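A short worksheet on the structure shown next.
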Amino acid sequence: MSSRNPSYTNPKPCKHLEDYKLRHGLSGYKSIQRHLKATPHGRTSVEMLNTGVPRCNSCNGFQGRLYLCLICNSVSCLDHTLLHTQSEDGHDLAVDIERAELYCCVCCDQVYDPDFDKVVMSKHNMGVPRDDKHGDESIGERLVKRRRLGLGVAEELVDLKKSKQLVSMRDRRDKSCYPLGLRGLNNLGSTCFMNSVLQALLHAPPFRNYFLSEGHNHEACRRRSGDRLCLSCDIDVVFSAVFSGDRAPYSPAHFLYSWWQHSANLASYEQQDAHEFFISVLDGIHEKEDKSRNRNRDSGDCQCIAHRVFSGLLRSDVTCMTCGSTSTTYDPCVDISVDLDTSNFSPTDTVNKRSKPNENSSISTLLGCLDLFTRQEKLGSEQKLFCETCQEMRDSVKQMSIRRLPLVLCLHIKRFEHSPVRKMWRKIDRYLQFPFSLDMTPYLSSSIVRNRFGNRIFSVEGDESDINTDFEIFAVVTHSGTLESGHYVTYLRLRNRWYKCDDAWITEVDEEIVRASQCYMMFYVQKMLYQKADEDLSSLPLSPRRDAYLPIASCCERLFK
C-alpha cells in the first residue's frame, strides 16, 4: 500500500517558464508552430527544414534526445543544451524535437504549459493542407491516395481493395456518432501510461456506473471533509468531463498532480509503467475510502469501489513432497500477472525481436499463460519449507489457483524481465493470442483441486455452481517500442466495435489490428455486465452541462449503492 506524503503539494508552475512568458509572451510558441509535424496517428515532433537529420550544433551528434532552444533556435544534445543555458542568460527553455514537449534546462525536467499544448493541438486541427485538387475529399481518402503514389501499377491494383477498406474503416462514421465517453486525453509530457490506463478505467462498466451514478460526488466530499487530497474526487471530475459530450481532447492535468500527491516517489514527467500506475491509483482510492469505512484491505472484505470491482482472491497450495500434506493460503489481488509461455523460444527469439502475427511457432496464447500460472511448480532446494507434519525442512511443490473472481478481471502480461547474464532489464517483444470471450472455469480452485486428485467427486471449499466464469474483453492496453523508449495505446471495445485511444486521438479500427497488437494489460468484465453495459451505453443521455453527472440505470447500481 502506498503511503501518502502529507507534505507533498501540487507542483508550482516553473518559475523559469513564467519568466520566459513575461518576457516573450507566446511569440516563441507561434514561431515554432510551423516546424511542428503532426502524423495521422497523433504523434507530434519538430521537423527542421532543409537540415536532413537534426544534429547537435556543438558535437554534431544525432543520437539520443535533441532540444531546440526557444530563444535562438539552436539545436543541442542534452549535455550541450545544459551548457548552452549556463553560457547564455535567459535561454532556459527548449523543446524536445522528438516529442514536441517543453523542457526546462534549469530544472532539468519537462514542464507542462496549457498555452504550448494549444499550439501543438492547433497544428493537429489544421490537418493536411487542402487545395483545389483535393476538393471535399476526406482525410482518409487523401491518405490512401498518398499511399498509392508510392506503389507501382501492379501493386496499386493488388492494393486497391485494401485501400477502399481503409477508407471505409476510417470514414464510415462521423466521430459525433461515437459512443458517449469516447474522448481523447492530451499527453502532458510522457503521460501515455496514465492516459492508457485511464481510458480502461473510464469504460470499466461497474466502475463507470459507480461514478456516473454519483457514488462519489467530489463537491459533496470536499465540503464534508475539506480534504483536497482525494484521488476519488479527481477521478470523479475526469468522469464528468469525459462523459459531458464534449469531443475535444481533455487534459487531466489536475488528476496527474493529485496522483503525484499520493505517489510522490513517481512525481515526474518521466515515462512510468502502466501496470504500476494502475496499482497505485487503486491504492489511492482505497486509502481514502478505507479511512471512512474503517475496513482492513488484508481481510479481503474491503468495500471501497476499487476492490469491489477489481479485487479477487488467489489460492496458494504448497504440498510437501515427502508426506503429501498441503498448506493453503489465500491472498487478495486486484490483477493477475502471468508470464509469457516462452518455453519453445530460443533466447534470441525472446529478446527485443519482433515476431509477425502469422508465425505460429513464436506466439504465446493467453490460455497457455493461464495454464502456466496454475501449473504445479517445484520449489528449488534453496526454497525448502518447514513441514508441520514432518517437523523439518522439506522439498515441496506450489500451485496457484483462483478462489474468487472479480467483476472486472485485469490480466497483466510480464513483458519486462531482468536478465541474470547481462544484469539488465529487457523486454520480451512477443505477440500474444487472446480470446475476446474467456471462460475462467479451468483456473478456479475447485477445478484445479479436482484435477489434482484425478477429478474425484468431492466437495471443495467455496465450490459454487452459480459463479460467473464467462468474461468479455472491453479494453487492451498495449506497449510498443523498446524498454527505454516505448508508447502505450489502449483499444476499447464498445458495442462490439473497437476504438484506438492514442492519447488525444480516437479512431475506429478493425479487430485484426487489436489482435496483432502487443498487449500488456487486458481488461475483461463478467459477460452479464458487458451485455448490460452495452444497453446502458445506448440509452445514456447527453448532458447539457460540461460538469454534469449522468445517472445510469443498471444491475450494477444495485451492487454499488
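By convention in this document, the chains of the C-alpha cells carry letters A, B, ... by their order, each chain's residues are numbered from 1, and ligands are numbered from 1 in the order they are shown.
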
Checklist entry - What's the 12 Å shell around Gly64 of chain A, counting only C-alpha atoms, without same-chain residues fewer than 6 positions away, as JSON, numbers by chain? => result {"A": [54, 55, 56, 76, 77, 78, 79, 96, 97, 98, 484, 485]}

Those selected residues, please, written with N, CA and C atoms and delivered as a CSV table (one decimal), in the first residue's frame.
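Final output, selection09.csv:
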chain,number,residue,atom,x,y,z
A,54,PRO,N,18.5,16.0,-37.9
A,54,PRO,CA,19.0,17.0,-37.0
A,54,PRO,C,20.2,16.5,-36.2
A,55,ARG,N,21.1,17.5,-36.0
A,55,ARG,CA,22.3,17.2,-35.2
A,55,ARG,C,22.6,18.3,-34.2
A,56,CYS,N,23.4,17.9,-33.2
A,56,CYS,CA,23.8,18.9,-32.2
A,56,CYS,C,24.7,19.9,-32.9
A,76,SER,N,20.7,21.2,-29.8
A,76,SER,CA,21.8,20.7,-29.0
A,76,SER,C,21.3,19.4,-28.4
A,77,CYS,N,22.3,18.5,-28.1
A,77,CYS,CA,22.1,17.3,-27.3
A,77,CYS,C,21.8,17.7,-25.9
A,78,LEU,N,21.4,16.8,-25.0
A,78,LEU,CA,21.1,17.2,-23.6
A,78,LEU,C,22.2,17.9,-22.9
A,79,ASP,N,23.4,17.3,-23.0
A,79,ASP,CA,24.6,17.9,-22.3
A,79,ASP,C,24.9,19.3,-22.8
A,96,ASP,N,11.8,19.5,-26.8
A,96,ASP,CA,12.2,18.2,-27.2
A,96,ASP,C,11.8,18.0,-28.7
A,97,ILE,N,12.8,17.8,-29.6
A,97,ILE,CA,12.5,17.7,-31.0
A,97,ILE,C,11.7,16.4,-31.3
A,98,GLU,N,12.0,15.3,-30.7
A,98,GLU,CA,11.3,14.1,-31.0
A,98,GLU,C,9.9,14.1,-30.5
A,484,GLU,N,13.4,1.3,-23.2
A,484,GLU,CA,13.9,2.7,-22.9
A,484,GLU,C,13.0,3.7,-23.6
A,485,SER,N,12.4,3.4,-24.7
A,485,SER,CA,11.6,4.4,-25.5
A,485,SER,C,10.4,3.7,-26.0

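Shell of Ala306 of chain A at 9 Å, with only C-alpha atoms counted and residues fewer than 6 places along the chain excluded, is Phe207, Val281, Leu282, Asp283, Ile285, His286 and Val334 of chain A.
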
Dump of N, CA and C atoms for the selected residues, as an mmCIF file, in the first residue's frame:
data_model
loop_
_atom_site.group_PDB
_atom_site.id
_atom_site.type_symbol
_atom_site.label_atom_id
_atom_site.label_comp_id
_atom_site.auth_asym_id
_atom_site.auth_seq_id
_atom_site.Cartn_x
_atom_site.Cartn_y
_atom_site.Cartn_z
ATOM 1 N N PHE A 207 -17.253 0.137 -12.632
ATOM 2 C CA PHE A 207 -16.502 1.289 -12.131
ATOM 3 C C PHE A 207 -17.103 2.580 -12.680
ATOM 4 N N VAL A 281 -3.150 3.807 -8.472
ATOM 5 C CA VAL A 281 -4.435 4.508 -8.499
ATOM 6 C C VAL A 281 -5.460 3.786 -7.622
ATOM 7 N N LEU A 282 -5.520 2.461 -7.748
ATOM 8 C CA LEU A 282 -6.454 1.707 -6.903
ATOM 9 C C LEU A 282 -6.085 1.835 -5.431
ATOM 10 N N ASP A 283 -4.785 1.874 -5.130
ATOM 11 C CA ASP A 283 -4.357 2.075 -3.746
ATOM 12 C C ASP A 283 -4.804 3.445 -3.236
ATOM 13 N N ILE A 285 -7.412 5.214 -4.223
ATOM 14 C CA ILE A 285 -8.864 5.187 -3.990
ATOM 15 C C ILE A 285 -9.169 4.441 -2.696
ATOM 16 N N HIS A 286 -8.506 3.310 -2.519
ATOM 17 C CA HIS A 286 -8.729 2.507 -1.313
ATOM 18 C C HIS A 286 -8.342 3.279 -0.056
ATOM 19 N N VAL A 334 -5.790 -7.454 -7.074
ATOM 20 C CA VAL A 334 -6.574 -6.606 -7.963
ATOM 21 C C VAL A 334 -6.217 -6.873 -9.429
#

Checklist entry - Restricting the calculation to only C-alpha atoms, which member of A:Asn57, A:Gln518, A:Asn496, A:Ser31 is positioned closest to Thr482 of chain A? => result A:Gln518

Next on the checklist: Run DSSP on the backbone and tell me which residues of segment 202-279 of chain A come out as helix (DSSP H, G or I); list them as a PyMOL selection string.
Outcome noted: chain A and resi 202+205-212+218-225+231-242+253-262+264-266+274-279

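Atom CA of Lys414 of chain A is positioned 14.9 Å from atom CA of Tyr488 of chain A.
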
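Proximity of A:Arg222, A:Lys15, A:Lys37, A:Lys30 to Cys105 of chain A, computed with only C-alpha atoms, is greatest for A:Lys15.
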
Next on the checklist: Please extract the residues of segment 387-533 of chain A with a backbone DSSP assignment of strand (DSSP E) and present them as a PyMOL selection string.
Outcome noted: chain A and resi 387+392-394+396-404+408-414+416-419+424-427+432-433+437-439+470-481+486-494+497-502+505-509+519-526

Any idea what's packed within 12 Å of Thr85 of chain A, counting only C-alpha atoms, ignoring anything in its chain fewer than 2 positions away? Could you give it as a PDB file with N, CA and C atoms, in the first residue's frame?
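And here is the file that came out, selection_28.pdb:
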ATOM      1  N   HIS A  16      10.977  29.520 -14.261  1.00  0.00           N
ATOM      2  CA  HIS A  16      11.676  29.901 -15.478  1.00  0.00           C
ATOM      3  C   HIS A  16      10.705  29.995 -16.661  1.00  0.00           C
ATOM      4  N   TYR A  67      17.370  18.990 -28.480  1.00  0.00           N
ATOM      5  CA  TYR A  67      16.493  20.032 -27.971  1.00  0.00           C
ATOM      6  C   TYR A  67      16.712  21.320 -28.765  1.00  0.00           C
ATOM      7  N   LEU A  68      15.612  22.032 -29.031  1.00  0.00           N
ATOM      8  CA  LEU A  68      15.628  23.280 -29.771  1.00  0.00           C
ATOM      9  C   LEU A  68      15.395  24.441 -28.804  1.00  0.00           C
ATOM     10  N   CYS A  69      16.368  25.350 -28.727  1.00  0.00           N
ATOM     11  CA  CYS A  69      16.247  26.498 -27.828  1.00  0.00           C
ATOM     12  C   CYS A  69      15.136  27.421 -28.327  1.00  0.00           C
ATOM     13  N   LEU A  70      14.262  27.857 -27.421  1.00  0.00           N
ATOM     14  CA  LEU A  70      13.154  28.719 -27.796  1.00  0.00           C
ATOM     15  C   LEU A  70      13.593  30.162 -28.072  1.00  0.00           C
ATOM     16  N   ILE A  71      14.817  30.517 -27.662  1.00  0.00           N
ATOM     17  CA  ILE A  71      15.294  31.881 -27.853  1.00  0.00           C
ATOM     18  C   ILE A  71      16.076  32.026 -29.165  1.00  0.00           C
ATOM     19  N   CYS A  72      17.082  31.154 -29.354  1.00  0.00           N
ATOM     20  CA  CYS A  72      17.968  31.312 -30.506  1.00  0.00           C
ATOM     21  C   CYS A  72      17.826  30.203 -31.538  1.00  0.00           C
ATOM     22  N   SER A  74      18.856  27.241 -31.544  1.00  0.00           N
ATOM     23  CA  SER A  74      19.988  26.324 -31.671  1.00  0.00           C
ATOM     24  C   SER A  74      19.567  24.925 -31.262  1.00  0.00           C
ATOM     25  N   SER A  76      20.721  21.243 -29.801  1.00  0.00           N
ATOM     26  CA  SER A  76      21.795  20.663 -28.997  1.00  0.00           C
ATOM     27  C   SER A  76      21.339  19.350 -28.384  1.00  0.00           C
ATOM     28  N   LEU A  78      21.439  16.833 -24.988  1.00  0.00           N
ATOM     29  CA  LEU A  78      21.078  17.225 -23.631  1.00  0.00           C
ATOM     30  C   LEU A  78      22.246  17.884 -22.903  1.00  0.00           C
ATOM     31  N   ASP A  79      23.435  17.295 -23.029  1.00  0.00           N
ATOM     32  CA  ASP A  79      24.591  17.859 -22.328  1.00  0.00           C
ATOM     33  C   ASP A  79      24.883  19.281 -22.790  1.00  0.00           C
ATOM     34  N   HIS A  80      24.894  19.486 -24.118  1.00  0.00           N
ATOM     35  CA  HIS A  80      25.208  20.822 -24.626  1.00  0.00           C
ATOM     36  C   HIS A  80      24.028  21.789 -24.465  1.00  0.00           C
ATOM     37  N   THR A  81      22.819  21.245 -24.323  1.00  0.00           N
ATOM     38  CA  THR A  81      21.679  22.117 -24.007  1.00  0.00           C
ATOM     39  C   THR A  81      21.853  22.729 -22.625  1.00  0.00           C
ATOM     40  N   LEU A  82      22.294  21.921 -21.664  1.00  0.00           N
ATOM     41  CA  LEU A  82      22.522  22.429 -20.313  1.00  0.00           C
ATOM     42  C   LEU A  82      23.686  23.418 -20.286  1.00  0.00           C
ATOM     43  N   LEU A  83      24.748  23.131 -21.055  1.00  0.00           N
ATOM     44  CA  LEU A  83      25.870  24.063 -21.134  1.00  0.00           C
ATOM     45  C   LEU A  83      25.448  25.367 -21.811  1.00  0.00           C
ATOM     46  N   SER A  87      25.720  29.286 -20.354  1.00  0.00           N
ATOM     47  CA  SER A  87      26.517  30.323 -21.016  1.00  0.00           C
ATOM     48  C   SER A  87      25.664  31.458 -21.585  1.00  0.00           C
ATOM     49  N   GLU A  88      24.391  31.200 -21.850  1.00  0.00           N
ATOM     50  CA  GLU A  88      23.509  32.207 -22.439  1.00  0.00           C
ATOM     51  C   GLU A  88      22.415  32.568 -21.444  1.00  0.00           C
ATOM     52  N   ASP A  89      22.434  33.805 -20.981  1.00  0.00           N
ATOM     53  CA  ASP A  89      21.464  34.244 -19.982  1.00  0.00           C
ATOM     54  C   ASP A  89      20.049  34.267 -20.562  1.00  0.00           C
ATOM     55  N   GLY A  90      19.104  33.636 -19.845  1.00  0.00           N
ATOM     56  CA  GLY A  90      17.704  33.651 -20.253  1.00  0.00           C
ATOM     57  C   GLY A  90      17.311  32.562 -21.231  1.00  0.00           C
ATOM     58  N   HIS A  91      18.267  31.760 -21.677  1.00  0.00           N
ATOM     59  CA  HIS A  91      17.953  30.665 -22.609  1.00  0.00           C
ATOM     60  C   HIS A  91      17.623  29.413 -21.798  1.00  0.00           C
ATOM     61  N   ASP A  92      16.549  29.498 -21.052  1.00  0.00           N
ATOM     62  CA  ASP A  92      16.230  28.446 -20.084  1.00  0.00           C
ATOM     63  C   ASP A  92      15.311  27.370 -20.628  1.00  0.00           C
ATOM     64  N   LEU A  93      14.530  27.665 -21.660  1.00  0.00           N
ATOM     65  CA  LEU A  93      13.521  26.720 -22.147  1.00  0.00           C
ATOM     66  C   LEU A  93      13.893  26.208 -23.524  1.00  0.00           C
ATOM     67  N   ALA A  94      13.619  24.911 -23.720  1.00  0.00           N
ATOM     68  CA  ALA A  94      13.868  24.271 -25.009  1.00  0.00           C
ATOM     69  C   ALA A  94      12.708  23.335 -25.306  1.00  0.00           C
ATOM     70  N   TYR A 103      10.877  21.654 -22.209  1.00  0.00           N
ATOM     71  CA  TYR A 103      11.886  21.166 -21.260  1.00  0.00           C
ATOM     72  C   TYR A 103      12.563  22.375 -20.628  1.00  0.00           C
ATOM     73  N   CYS A 104      12.584  22.414 -19.292  1.00  0.00           N
ATOM     74  CA  CYS A 104      13.280  23.484 -18.573  1.00  0.00           C
ATOM     75  C   CYS A 104      14.707  23.035 -18.310  1.00  0.00           C
ATOM     76  N   CYS A 105      15.668  23.758 -18.862  1.00  0.00           N
ATOM     77  CA  CYS A 105      17.076  23.370 -18.752  1.00  0.00           C
ATOM     78  C   CYS A 105      17.653  23.691 -17.382  1.00  0.00           C
ATOM     79  N   VAL A 106      16.976  24.533 -16.611  1.00  0.00           N
ATOM     80  CA  VAL A 106      17.440  24.848 -15.263  1.00  0.00           C
ATOM     81  C   VAL A 106      16.911  23.825 -14.263  1.00  0.00           C
ATOM     82  N   CYS A 107      15.617  23.502 -14.397  1.00  0.00           N
ATOM     83  CA  CYS A 107      15.006  22.483 -13.522  1.00  0.00           C
ATOM     84  C   CYS A 107      15.394  21.074 -13.943  1.00  0.00           C
ATOM     85  N   CYS A 108      15.908  20.935 -15.187  1.00  0.00           N
ATOM     86  CA  CYS A 108      16.265  19.617 -15.737  1.00  0.00           C
ATOM     87  C   CYS A 108      15.065  18.683 -15.714  1.00  0.00           C
TER      88      CYS A 108
END

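Across the structure, atom CA of Ala264 of chain A and atom CA of Phe243 of chain A are spaced 29.0 Å apart.
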
Checklist entry - Near segment 308-325 of chain A, within 8 Å and counting only C-alpha atoms, which residues show up once chain neighbours fewer than 2 positions away are dropped, as JSON, numbers by chain? => result {"A": [206, 207, 300, 302, 303, 304, 305, 306, 327, 328, 329, 330, 331, 332, 333, 334, 335, 387, 389, 390, 394, 395, 396, 397, 398, 399, 400, 401, 402, 403, 404, 405, 406, 407, 408, 409, 410, 445]}

Item to check | Close residues, Gln199 of chain A itself excluded, 8 Å, only C-alpha atoms, min 4 positions apart in chain, as a VMD selection string | outcome: chain A and resid 195 203 490 492 501

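In this structure, atom CA of Cys230 of chain A sits 20.2 Å away from atom CA of Tyr250 of chain A.
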
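Using only C-alpha atoms, the smallest distance between any of A:Val197, A:Cys369, A:Leu66, A:Val338 and Ala274 of chain A comes from A:Val197.
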
Item to check | Selection: 8 Å around Tyr491 of chain A, only C-alpha atoms, excl. self and same-chain fewer than 5 positions, as a ChimeraX atom specification | outcome: /A:475-478,498-501,514

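Nearest residue to Ser27 of chain A, choosing from A:Ser517, A:Gly380, A:Ile235, A:Val119 and counting only C-alpha atoms: A:Val119.
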